[in-house]
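Written out below as structure tokens is the structure these notes cover.
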Amino acid sequence: MGQWLERNIIEPGKLPLLLALAAFVLTFVITRIITRLIRAGKGPFGNVTAGSVHVHHVVPGVILTVVGGFGAVASGGHGFGPYLSAVLFGVGAGLVLDEFALILHLDDVYWSEAGRKSVEMVVLTAALVVLLLAGFAPFGVNDLSQQELQNRAGALTGVAVNFCFALIALSKGKVRLAVFGVIVPVVALVGSLRLARPGSPWAKRFYRRRHRARAKALLRAYHHDRRWSRPARTIQDWLGGKPDRP
């Protein structure tokens, strides 16, 4: 384990990223435990208020993210500064993304159905950071040969092609595939080749007069959601707590 850590994390300079990920995940878990205790009326915890204003934990999260980000830049990658900044950034990012749905809707939807977006964003972010730690580089740069990297035109072309695949997948409503495709290009390629989801910009533009394609997209989306919605909701409820019933 020590040799693996030295060879794959410390030598490539990924220790700050690992610390940030650990702080991010731990902060999310602790925050959810505390908020669930507050919701159940148990424990010594309570909502923080300033007068009549409820101070959401996204506020200290933003402050810690800013401090950690500027601290990492100011440290110049030397000494203890990068590690402390990484931890502060991870804690701040955990607090911010735990209330991602609040930022998205500009409303306190933490325990509503819309609040599931926060859990989705945290899981997605953690998965992307794990891929970066595993050695994947954005837009498939790690798949380019040394000769291709020296050829700027070839490298830029490869990055542009992968980026286009990700954009196509995004326009087809394949948000998760598009995001993961930024790190793993083959995922974006698969997303760009599959049928678009109903209601996506691609479907509205290209399936408007293609009735068979529109019907096939509707049927596939129905079967996909029916198969995966329940397991996804179960995991989200286990991680973040069940939303309030409307």
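In the structure tokens, chains take the letters A, B, ... in the order shown, each chain's residues start at 1, and ligands count up from 1 in the order shown.
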| Which of stretch 32-175 of chain A DSSP labels helix (DSSP H, G or I), written as an MDAnalysis selection string | chainID A and resid 32:40 58:75 81:98 100:105 113:133 138:143 146:150 152:171 175
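Residues of stretch 2-226 of chain A that DSSP places in strand (DSSP E), based on the backbone of this structure, are Thr49, Ala50, Val53 and His54 of chain A.
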| Using only C-alpha atoms, which of the listed residues (A:Arg227, A:Arg233, A:Lys172, A:Lys42) sits closest to A:Tyr207? | A:Lys172
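We find atom CA of A:Val119 and atom CA of A:Gly13 to be spaced 28.9 Å apart.
The closest residue to A:Gly173, picked from A:Ala221, A:Val187, A:Leu132, A:Leu156 and counting only C-alpha atoms, is A:Ala221.
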| message | Quick one: residues within 12 Å of A:Tyr110, only C-alpha atoms, excluding same-chain residues fewer than 5 positions away - as a PyMOL selection string? | response | chain A and resi 32+35-36+39+56-58+97-105+115-119+240-244
Within 6 Å of stretch 158-169 of chain A, counting only C-alpha atoms, which residues show up once you throw out same-chain ones fewer than 2 positions away? Write them as a short mmCIF file (atom, residue, chain, number, x, y, z; two decimals) with N, CA, C and O atoms, in the first residue's frame, please.
data_model
loop_
_atom_site.label_atom_id
_atom_site.label_comp_id
_atom_site.auth_asym_id
_atom_site.auth_seq_id
_atom_site.Cartn_x
_atom_site.Cartn_y
_atom_site.Cartn_z
N PHE A 139 -10.31 15.21 -21.85
CA PHE A 139 -10.31 15.20 -23.31
C PHE A 139 -9.34 14.19 -23.90
O PHE A 139 -8.89 14.34 -25.03
N ALA A 155 -2.51 17.41 -31.33
CA ALA A 155 -3.04 17.37 -29.97
C ALA A 155 -4.32 18.19 -29.86
O ALA A 155 -5.31 17.75 -29.26
N LEU A 156 -4.30 19.40 -30.44
CA LEU A 156 -5.49 20.26 -30.39
C LEU A 156 -6.66 19.63 -31.14
O LEU A 156 -7.82 19.76 -30.73
N SER A 171 -26.09 17.72 -25.76
CA SER A 171 -27.26 18.21 -26.48
C SER A 171 -28.32 17.11 -26.64
O SER A 171 -29.49 17.40 -26.84
N LYS A 172 -27.91 15.85 -26.53
CA LYS A 172 -28.86 14.75 -26.60
C LYS A 172 -29.47 14.42 -25.25
O LYS A 172 -30.23 13.45 -25.13
N LYS A 174 -27.79 13.55 -22.57
CA LYS A 174 -26.97 12.56 -21.86
C LYS A 174 -25.96 13.31 -20.99
O LYS A 174 -24.76 13.32 -21.27
N ALA A 178 -21.91 12.91 -20.96
CA ALA A 178 -21.13 14.05 -21.46
C ALA A 178 -20.05 14.45 -20.47
O ALA A 178 -18.90 14.71 -20.84
N GLY A 181 -17.51 11.82 -20.26
CA GLY A 181 -16.81 11.79 -21.54
C GLY A 181 -15.70 12.81 -21.64
O GLY A 181 -14.79 12.66 -22.46
N PRO A 185 -12.86 9.70 -23.14
CA PRO A 185 -13.44 10.06 -24.44
C PRO A 185 -14.39 9.04 -25.01
O PRO A 185 -15.38 9.40 -25.64
N ALA A 188 -17.98 9.69 -24.10
CA ALA A 188 -18.62 10.75 -24.88
C ALA A 188 -18.99 10.26 -26.27
O ALA A 188 -20.03 10.64 -26.82
N LEU A 189 -18.15 9.42 -26.85
CA LEU A 189 -18.44 8.87 -28.18
C LEU A 189 -19.72 8.02 -28.13
O LEU A 189 -20.59 8.16 -29.01
N GLY A 191 -22.16 8.30 -25.95
CA GLY A 191 -23.28 9.21 -25.73
C GLY A 191 -23.68 9.96 -26.99
O GLY A 191 -24.87 10.23 -27.20
N SER A 192 -22.70 10.29 -27.83
CA SER A 192 -23.01 11.03 -29.06
C SER A 192 -23.66 10.16 -30.12
O SER A 192 -24.34 10.67 -31.02
#
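The coordinates place atom CA of A:Gln236 at 17.6 Å from atom CA of A:Val96.
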| said: With distances taken over only C-alpha atoms, which residue among A:Gly43, A:Pro246, A:Pro16, A:Gly51 lies nearest A:Gly79? | reply: A:Pro16
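Among the candidate residues A:Phe28, A:Tyr222, A:Phe136, A:Trp202, the one lying nearest to A:Met121 is A:Phe28, with distances computed using only C-alpha atoms.
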